[in-house]
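J.: Let me begin by handing over the structure; questions about it come next.
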Amino acid sequence: MAEVVLKDVMKNYGSLYAVNNVSFTVEHGEFVALVGPSGCGKTTTLNLVAGLIPMSGGDISIGNRIVNDLDPKDRDIAMVFQNYALYPNKSVFKNLAFPLQMRKLPKAEIEAKVMQAAKILDITHLLERRPRELSGGQQQRVALGRALVRDPAVFLMDEPLSNLDAKLRVAMRSEIKRFHHNLNATVIYVTHDQLEAVTMADKMAVMHGGVLQQYDSPANVFANPVNTFVASFVGSPAMSLIPLDVVGKGTDVALKSPEEGWELPLSAQNARKATASSQGTVVLGARHSTLKLHKSPVAGSVPGKVYTVEPTGDVTFAQVFVSGAVVNVSLEPTAPIAPDEEVFVEFDQQRLHLFDGQTTNALKAA
Amino acid sequence: MATISETAIRPVVRKPIDWWRWAGRFFLTFLLLFTVLPMAWMVLTSVKSQFAAMQYPPQWWPTEPTLNNYFKLLDPRNRIGQEFLRYFWNSFYVSLLTTILGVVVAVPAAYAFSRFRFPGRNFLFFAVLVRNMFPAVVFLMPLFLLMRWMGLVNTHGSLILTYLTFGLPLSIWLLKGFYDNIPIQLEQAARIDGATRFQAFLFIVMPLSTPGIIATSIFSFIGAWNEYVYAYTFLSRDHQMTLPVGIQRFFTEFATDWPGLMAATFMMSVPVVVLFLVLQKYFVRALTEGAVKH
Ligand SMILES: Nc1ncnc2c1ncn2[C@@H]1O[C@H](COP(=O)(O)OP(=O)(O)OP(=O)(O)O)[C@@H](O)[C@H]1O
Ligand SMILES: [Mg+2]
């Protein structure tokens, strides 16, 4: 077990910066999720930690040891790949035994360790099969087993659940979480599914375009996203974002819709944030659960028009057009509401977010 | 589900399909006769006596079958046997070396073309294939001059080198297809599991490309085994001849020993047929797996 430190890590392919100046520290025993949209550099970052591709700059250390020039085999890591990468010509037993054989362990010990890992993962009955004779979920377990057999300092996982169906994914999610808990292992876990990250990780690193946007606990990332990208990436449905103009001075500040002309007065705290914006424009962010819908105007509400209504069982989501932007609102399933209805959206001043219209960064009270 | 709809549709489309099927069968039978009959005649003639073989009208079925021709060829005590065995050994030696060297060169080359991005990669890859765009005879004179310049004329080395240049393009092309289909993550997994780059190649990639290696080996071997024109041009000493050239010696000035010739020809085809039958499983897998992207 060990901590992993990335410092100013760079990787470029020609003029494309796949990983750009990324720094973060994974504490011993921590479960860190690397999230971001496709192509943001998650796999590249993980491969750099694994030593599978050379770095263009920066330092990576694992357990107080700079590993920049070490081969993958000398880094004391294990990795689970998105496509599992099981050796197709070897039986499950041999797949699990391979890492131990390469480390020249005695035969009896190999057998004991493989049997133990197989037992933990409940794949003892599959040991003689070839990978292609296994279901996706079983292959996933074998891949996990191959990482488990030699208890490495750090586990790296690249979207290990993305090839499973929704139900199995949820089941494996809690199992991986359980392993992490039992082994007290350091884990770096890549996923593009923010829900996976939020539910599993101690900390999440949100990446975008090769740049690390925010590194914090899921709760903090959810509560205080540093910019509109993080705000819209974390949470489902996404945080609604409405670009607006700032009008007024001092504590008497309102947000004005450039399209529809209405004004939304701000609380003193929010007013100070809004006046700190660089160009007099902000992006107003609000999560679906903090919004209320009204049939007639109330204080602190703005007009909108219902676009769609999506019942999901215990919650109904409504999408409402407000000043040209789509706003998600969660409602009681019984709420009497229909598309094209004119409604009023009430904001909770305590729980709304303000981002700079120009830089997209979260605004702080000046 | 599938079976239900199949049986439901069948009566409607049956007739036209059957016509095509019969046409196909007829054509295949024709092709089969075309290839099998000469071989059958070869085997039949090889067990006839010299006299029986020359009869007219021909004996369709040998009245007194004899294996004498084979005994003569395989008996190192008489002159014909000595020569035949020597030619056989020469052919075997040249083909085997061509095959081994071919694998030794093609495997790393194909792997490099598949895995590494280096300057001139595409150019080199197509340069390798250019050789296959011309008929082999075109290179006869230039290669002969080249071999003479290198002092290789009248050595088996000249043939091995030449056969290599003929066999390698296809071998490299086929093997590259194999390596392209082996996910790079397998090697990465192996390297994380404690293998060096070379070990990952040796323990993981090599076994997966065995069918391809076997298929290319068969290609090189057969190509070298059957080659005639270059062997005839590059070698002039009797004791160096390979089988295709050596067998010519059965055409003597006075009378051609047809049964002997046929027996020798049959013996010559044995290694290829055996190779093919034993390794056929890999061969088919190589052509289907290597060629198609999953
Ligand atoms: N070998 C390479 N050569 C050139 N560009 C590459 C190479 N590998 C990755 N890239 C580029 O680097 C960027 C980051 O790729 P990466 O695989 O890390 O994305 P990712 O975040 O894992 O995405 P996904 O969720 O789709 O797996 C992409 O724009 C990709 O096109
Ligand atoms: Mg990826």
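Ordering of the structure tokens sets the chain letters (A, B, ...); residue numbers start at 1 within each chain; ligands are numbered from 1 in the order shown.
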Residues at most 12 Å from Ala189 (chain B), counting only C-alpha atoms, excluding those fewer than 5 positions away in the same chain, as a VMD selection string?

T.: (chain A and resid 47 50 to 52 72 to 73 77 to 87 95 to 96 98 to 99 143 146 to 147 156 to 158) or (chain B and resid 183 to 184 194 to 197 199 to 201 203 to 205)

J.: For His208 (chain A), list every protein, DNA or RNA residue within 7 Å, evaluated using only C-alpha atoms, and leave out those in the same chain fewer than 2 positions away; present the list as a list in words.

T.: Gly36, Pro37, Cys40, Val206, Gly210, Val211, Leu212 and Gln213 of chain A

J.: Keeping N, CA, C and O atoms for every residue in the selection just given, could you write it to a file as a short mmCIF file (atom, residue, chain, number, x, y, z; two decimals), in the first residue's frame?

T.:
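As a result, result_1.cif now contains:
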```cif
data_model
loop_
_atom_site.label_atom_id
_atom_site.label_comp_id
_atom_site.auth_asym_id
_atom_site.auth_seq_id
_atom_site.Cartn_x
_atom_site.Cartn_y
_atom_site.Cartn_z
N GLY A 36 -14.43 12.21 -16.42
CA GLY A 36 -14.41 13.22 -17.46
C GLY A 36 -15.00 12.63 -18.72
O GLY A 36 -15.17 11.41 -18.82
N PRO A 37 -15.32 13.48 -19.68
CA PRO A 37 -15.94 12.98 -20.91
C PRO A 37 -14.91 12.21 -21.75
O PRO A 37 -13.72 12.23 -21.45
N CYS A 40 -10.81 12.90 -22.67
CA CYS A 40 -10.28 13.96 -21.82
C CYS A 40 -8.92 13.60 -21.23
O CYS A 40 -8.30 14.42 -20.56
N VAL A 206 -11.84 15.48 -11.61
CA VAL A 206 -12.61 15.73 -12.83
C VAL A 206 -11.67 16.33 -13.87
O VAL A 206 -11.02 17.35 -13.62
N GLY A 210 -7.67 17.23 -21.03
CA GLY A 210 -6.32 16.99 -20.52
C GLY A 210 -5.98 17.78 -19.28
O GLY A 210 -4.91 17.59 -18.70
N VAL A 211 -6.87 18.67 -18.85
CA VAL A 211 -6.58 19.51 -17.69
C VAL A 211 -7.43 19.06 -16.50
O VAL A 211 -8.62 18.77 -16.66
N LEU A 212 -6.80 18.97 -15.34
CA LEU A 212 -7.53 18.63 -14.12
C LEU A 212 -8.35 19.83 -13.68
O LEU A 212 -7.83 20.90 -13.43
N GLN A 213 -9.68 19.66 -13.61
CA GLN A 213 -10.56 20.77 -13.27
C GLN A 213 -10.72 20.91 -11.77
O GLN A 213 -10.63 22.00 -11.22
#
```

J.: Run DSSP on the backbone and grab whatever in region 52-240 of chain A lands in strand (DSSP E); send it over as number ranges by chain.

T.: A: 57-62, 65-66, 77-80, 154-158, 186-191, 203-208, 211-216, 240

J.: Would you list the residues that come within 6 Å of ligand 1? Count only C-alpha atoms and all ligand atoms and give the answer as a list of chain:residue names.

T.: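 After applying the 6 Å limit, what remains is A:Tyr13, A:Ala18, A:Pro37, A:Ser38, A:Gly39, A:Cys40, A:Gly41, A:Lys42, A:Thr43, A:Thr44, A:His192.
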
J.: Choose the residue, out of A:Leu127, A:Ala365, A:Ala338, A:Val320, that has the smallest atom-to-atom separation from Val302 (chain A); count only C-alpha atoms.

T.: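 Smallest distance to Val302 (chain A) is found for A:Val320.
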
J.: From the set A:Leu126, A:Glu159, A:Gly136, A:Ser56, which residue has the shortest atom-to-atom contact distance to ligand 2, counting only C-alpha atoms and all ligand atoms?

T.: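 The shortest atom-to-atom distance to ligand 2 comes from A:Glu159.
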
J.: Taking only C-alpha atoms into account, report as a PDB file with N, CA and C atoms, in the first residue's frame which residues of chain B lie within 7 Å of chain A.

T.:
```
ATOM      1  N   GLN B 185      -3.567  -4.091 -25.250  1.00  0.00           N
ATOM      2  CA  GLN B 185      -3.766  -4.209 -23.801  1.00  0.00           C
ATOM      3  C   GLN B 185      -3.256  -5.542 -23.263  1.00  0.00           C
ATOM      4  N   LEU B 186      -3.247  -6.578 -24.114  1.00  0.00           N
ATOM      5  CA  LEU B 186      -2.735  -7.866 -23.640  1.00  0.00           C
ATOM      6  C   LEU B 186      -1.275  -7.746 -23.259  1.00  0.00           C
ATOM      7  N   GLN B 188       0.235  -4.930 -22.540  1.00  0.00           N
ATOM      8  CA  GLN B 188       0.327  -4.015 -21.405  1.00  0.00           C
ATOM      9  C   GLN B 188       0.029  -4.761 -20.111  1.00  0.00           C
ATOM     10  N   ALA B 189      -1.002  -5.617 -20.147  1.00  0.00           N
ATOM     11  CA  ALA B 189      -1.344  -6.392 -18.959  1.00  0.00           C
ATOM     12  C   ALA B 189      -0.161  -7.261 -18.550  1.00  0.00           C
ATOM     13  N   ARG B 191       2.960  -6.762 -19.138  1.00  0.00           N
ATOM     14  CA  ARG B 191       4.069  -5.963 -18.605  1.00  0.00           C
ATOM     15  C   ARG B 191       3.783  -5.530 -17.182  1.00  0.00           C
ATOM     16  N   ILE B 192       2.512  -5.263 -16.896  1.00  0.00           N
ATOM     17  CA  ILE B 192       2.165  -4.908 -15.520  1.00  0.00           C
ATOM     18  C   ILE B 192       2.263  -6.139 -14.621  1.00  0.00           C
ATOM     19  N   ASP B 193       1.926  -7.298 -15.200  1.00  0.00           N
ATOM     20  CA  ASP B 193       1.997  -8.528 -14.417  1.00  0.00           C
ATOM     21  C   ASP B 193       3.433  -8.986 -14.183  1.00  0.00           C
ATOM     22  N   GLY B 194       4.400  -8.235 -14.687  1.00  0.00           N
ATOM     23  CA  GLY B 194       5.779  -8.561 -14.345  1.00  0.00           C
ATOM     24  C   GLY B 194       6.651  -8.999 -15.506  1.00  0.00           C
ATOM     25  N   ALA B 195       6.141  -8.887 -16.732  1.00  0.00           N
ATOM     26  CA  ALA B 195       6.943  -9.300 -17.875  1.00  0.00           C
ATOM     27  C   ALA B 195       7.690  -8.093 -18.448  1.00  0.00           C
ATOM     28  N   LEU B 208      -0.296 -16.483 -29.540  1.00  0.00           N
ATOM     29  CA  LEU B 208      -1.517 -16.079 -30.228  1.00  0.00           C
ATOM     30  C   LEU B 208      -1.312 -15.991 -31.726  1.00  0.00           C
TER      31      LEU B 208
END
```

J.: Between B:Tyr230, B:Tyr163, B:Phe113, B:Trp41, which residue has the minimum interatomic distance to Gly177 (chain B), considering only C-alpha atoms?

T.: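 Closest candidate: B:Phe113.
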
J.: Might you pull out every residue within 10 Å of region 78-92 of chain B, with only C-alpha atoms counted and same-chain residues fewer than 2 positions away left off, and present them as a PyMOL selection string?

T.: chain B and resi 69-76+94-98+156+221+224-227+231+238-247+249-250+260+264+267-268+271

J.: Convert the current residue selection to file output with N, CA, C and O atoms, as a short mmCIF file (atom, residue, chain, number, x, y, z; two decimals), in the first residue's frame.

T.:
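Generated file (selection37.cif):
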```cif
data_model
loop_
_atom_site.label_atom_id
_atom_site.label_comp_id
_atom_site.auth_asym_id
_atom_site.auth_seq_id
_atom_site.Cartn_x
_atom_site.Cartn_y
_atom_site.Cartn_z
N ASN B 69 9.92 -49.11 -58.70
CA ASN B 69 10.40 -47.75 -58.98
C ASN B 69 10.71 -47.01 -57.69
O ASN B 69 11.68 -46.25 -57.63
N TYR B 70 9.87 -47.23 -56.67
CA TYR B 70 10.11 -46.57 -55.39
C TYR B 70 11.35 -47.14 -54.71
O TYR B 70 12.17 -46.40 -54.17
N PHE B 71 11.48 -48.49 -54.76
CA PHE B 71 12.66 -49.09 -54.15
C PHE B 71 13.92 -48.54 -54.78
O PHE B 71 14.91 -48.23 -54.12
N LYS B 72 13.86 -48.39 -56.12
CA LYS B 72 15.03 -47.91 -56.84
C LYS B 72 15.40 -46.49 -56.37
O LYS B 72 16.55 -46.17 -56.13
N LEU B 73 14.37 -45.66 -56.23
CA LEU B 73 14.62 -44.26 -55.86
C LEU B 73 15.16 -44.15 -54.43
O LEU B 73 15.96 -43.27 -54.13
N LEU B 74 14.70 -45.03 -53.58
CA LEU B 74 15.04 -44.87 -52.16
C LEU B 74 16.24 -45.73 -51.76
O LEU B 74 16.63 -45.71 -50.60
N ASP B 75 16.82 -46.44 -52.71
CA ASP B 75 17.93 -47.32 -52.37
C ASP B 75 19.25 -46.59 -52.57
O ASP B 75 19.64 -46.30 -53.70
N PRO B 76 19.95 -46.27 -51.50
CA PRO B 76 21.18 -45.49 -51.65
C PRO B 76 22.32 -46.29 -52.28
O PRO B 76 23.40 -45.74 -52.49
N VAL B 94 17.27 -26.54 -48.47
CA VAL B 94 17.03 -25.18 -48.95
C VAL B 94 15.67 -24.67 -48.47
O VAL B 94 15.55 -23.55 -47.96
N SER B 95 14.62 -25.52 -48.58
CA SER B 95 13.28 -25.08 -48.19
C SER B 95 13.20 -24.82 -46.70
O SER B 95 12.60 -23.85 -46.25
N LEU B 96 13.83 -25.72 -45.93
CA LEU B 96 13.75 -25.58 -44.48
C LEU B 96 14.46 -24.30 -44.03
O LEU B 96 13.92 -23.51 -43.24
N LEU B 97 15.65 -24.06 -44.58
CA LEU B 97 16.38 -22.85 -44.20
C LEU B 97 15.62 -21.60 -44.61
O LEU B 97 15.53 -20.62 -43.87
N THR B 98 15.04 -21.65 -45.83
CA THR B 98 14.23 -20.52 -46.29
C THR B 98 13.10 -20.26 -45.30
O THR B 98 12.83 -19.11 -44.92
N HIS B 156 23.87 -22.87 -52.46
CA HIS B 156 22.47 -22.89 -52.03
C HIS B 156 22.06 -21.56 -51.43
O HIS B 156 20.89 -21.20 -51.41
N PHE B 221 7.67 -22.67 -47.34
CA PHE B 221 8.22 -23.99 -47.62
C PHE B 221 7.79 -24.48 -48.99
O PHE B 221 8.61 -24.90 -49.80
N ALA B 224 9.47 -22.56 -51.86
CA ALA B 224 10.85 -22.94 -52.08
C ALA B 224 10.95 -24.35 -52.63
O ALA B 224 11.76 -24.65 -53.51
N TRP B 225 10.13 -25.24 -52.14
CA TRP B 225 10.17 -26.65 -52.52
C TRP B 225 9.87 -26.84 -54.00
O TRP B 225 10.47 -27.66 -54.68
N ASN B 226 8.94 -26.05 -54.53
CA ASN B 226 8.50 -26.24 -55.91
C ASN B 226 9.24 -25.40 -56.93
O ASN B 226 9.03 -25.56 -58.12
N GLU B 227 10.08 -24.48 -56.48
CA GLU B 227 10.65 -23.51 -57.41
C GLU B 227 11.60 -24.18 -58.40
O GLU B 227 12.43 -25.00 -58.03
N ALA B 231 16.36 -22.19 -59.50
CA ALA B 231 17.25 -23.30 -59.18
C ALA B 231 18.01 -23.74 -60.43
O ALA B 231 19.20 -24.05 -60.39
N ASP B 238 25.84 -30.88 -60.59
CA ASP B 238 24.90 -31.97 -60.35
C ASP B 238 24.57 -32.17 -58.89
O ASP B 238 23.42 -32.32 -58.51
N HIS B 239 25.61 -32.19 -58.06
CA HIS B 239 25.36 -32.59 -56.67
C HIS B 239 24.62 -31.52 -55.87
O HIS B 239 24.23 -31.73 -54.76
N GLN B 240 24.41 -30.32 -56.48
CA GLN B 240 23.71 -29.25 -55.76
C GLN B 240 22.23 -29.17 -56.11
O GLN B 240 21.46 -28.53 -55.41
N MET B 241 21.86 -29.84 -57.21
CA MET B 241 20.50 -29.67 -57.74
C MET B 241 19.42 -29.92 -56.70
O MET B 241 19.56 -30.77 -55.83
N THR B 242 18.33 -29.17 -56.85
CA THR B 242 17.16 -29.44 -56.04
C THR B 242 16.23 -30.36 -56.82
O THR B 242 16.41 -30.55 -58.02
N LEU B 243 15.21 -30.89 -56.18
CA LEU B 243 14.35 -31.89 -56.80
C LEU B 243 13.73 -31.46 -58.13
O LEU B 243 13.82 -32.21 -59.11
N PRO B 244 13.09 -30.29 -58.21
CA PRO B 244 12.42 -29.94 -59.48
C PRO B 244 13.39 -29.99 -60.65
O PRO B 244 13.02 -30.42 -61.73
N VAL B 245 14.64 -29.54 -60.43
CA VAL B 245 15.61 -29.58 -61.52
C VAL B 245 16.14 -30.98 -61.70
O VAL B 245 16.27 -31.48 -62.82
N GLY B 246 16.41 -31.64 -60.58
CA GLY B 246 17.01 -32.97 -60.62
C GLY B 246 16.15 -33.98 -61.32
O GLY B 246 16.64 -34.85 -62.04
N ILE B 247 14.84 -33.87 -61.11
CA ILE B 247 13.93 -34.85 -61.69
C ILE B 247 14.03 -34.88 -63.21
O ILE B 247 13.81 -35.89 -63.86
N ARG B 249 16.46 -35.19 -64.86
CA ARG B 249 17.47 -36.14 -65.31
C ARG B 249 16.85 -37.48 -65.69
O ARG B 249 17.52 -38.34 -66.25
N PHE B 250 15.56 -37.65 -65.38
CA PHE B 250 14.90 -38.88 -65.82
C PHE B 250 14.59 -38.85 -67.31
O PHE B 250 14.31 -39.85 -67.91
N GLY B 260 9.56 -44.26 -63.43
CA GLY B 260 10.53 -43.70 -62.49
C GLY B 260 10.25 -42.24 -62.24
O GLY B 260 10.25 -41.76 -61.10
N ALA B 264 9.16 -40.49 -58.70
CA ALA B 264 9.92 -39.38 -58.13
C ALA B 264 9.02 -38.18 -57.88
O ALA B 264 9.09 -37.53 -56.83
N MET B 267 6.93 -38.82 -54.87
CA MET B 267 7.72 -38.66 -53.65
C MET B 267 7.91 -37.18 -53.33
O MET B 267 7.94 -36.77 -52.18
N MET B 268 8.04 -36.40 -54.40
CA MET B 268 8.28 -34.98 -54.20
C MET B 268 7.06 -34.30 -53.59
O MET B 268 7.18 -33.36 -52.82
N PRO B 271 6.02 -34.57 -49.01
CA PRO B 271 6.23 -33.65 -47.87
C PRO B 271 5.21 -32.52 -47.83
O PRO B 271 4.70 -32.17 -46.76
#
```

J.: Find the residues around Gly58 (chain A) up to 8 Å (only C-alpha atoms counted), leave out those fewer than 6 positions away in its own chain, and share them as a list in words.

T.: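 What passes the distance filter is Leu6, Lys7, Asp8, Val9, Met10 and Asn21 of chain A.
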
J.: Any chance you could export the current selection's N, CA, C and O atoms as a CSV table (one decimal), in the first residue's frame?

T.:
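Wrote part-v4.csv, looks like this:
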```
chain,number,residue,atom,x,y,z
A,6,LEU,N,1.1,12.7,-8.3
A,6,LEU,CA,1.4,13.2,-9.6
A,6,LEU,C,1.7,14.7,-9.5
A,6,LEU,O,1.0,15.4,-8.9
A,7,LYS,N,2.9,15.0,-10.2
A,7,LYS,CA,3.3,16.4,-10.1
A,7,LYS,C,3.5,17.0,-11.5
A,7,LYS,O,4.4,16.5,-12.2
A,8,ASP,N,2.7,18.0,-11.9
A,8,ASP,CA,2.9,18.6,-13.2
A,8,ASP,C,3.1,17.6,-14.4
A,8,ASP,O,3.9,17.7,-15.2
A,9,VAL,N,2.3,16.6,-14.3
A,9,VAL,CA,2.4,15.5,-15.3
A,9,VAL,C,1.9,15.9,-16.7
A,9,VAL,O,0.8,16.5,-16.8
A,10,MET,N,2.7,15.7,-17.7
A,10,MET,CA,2.4,16.1,-19.1
A,10,MET,C,2.5,14.9,-20.0
A,10,MET,O,3.4,14.1,-19.8
A,21,ASN,N,-0.3,19.2,-17.5
A,21,ASN,CA,0.0,19.8,-16.2
A,21,ASN,C,-0.9,19.3,-15.0
A,21,ASN,O,-1.4,20.0,-14.2
```

J.: List as a VMD selection string the protein and nucleic acid residues near region 282-285 of chain A, meaning an atom at most 12 Å away when only C-alpha atoms are counted, but skip any in the same chain fewer than 4 places from it.

T.: chain A and resid 223 to 232 238 to 247 254 to 258 264 266 270 to 271 273 to 278 290 to 291 322 to 323 325 to 328 347 to 363
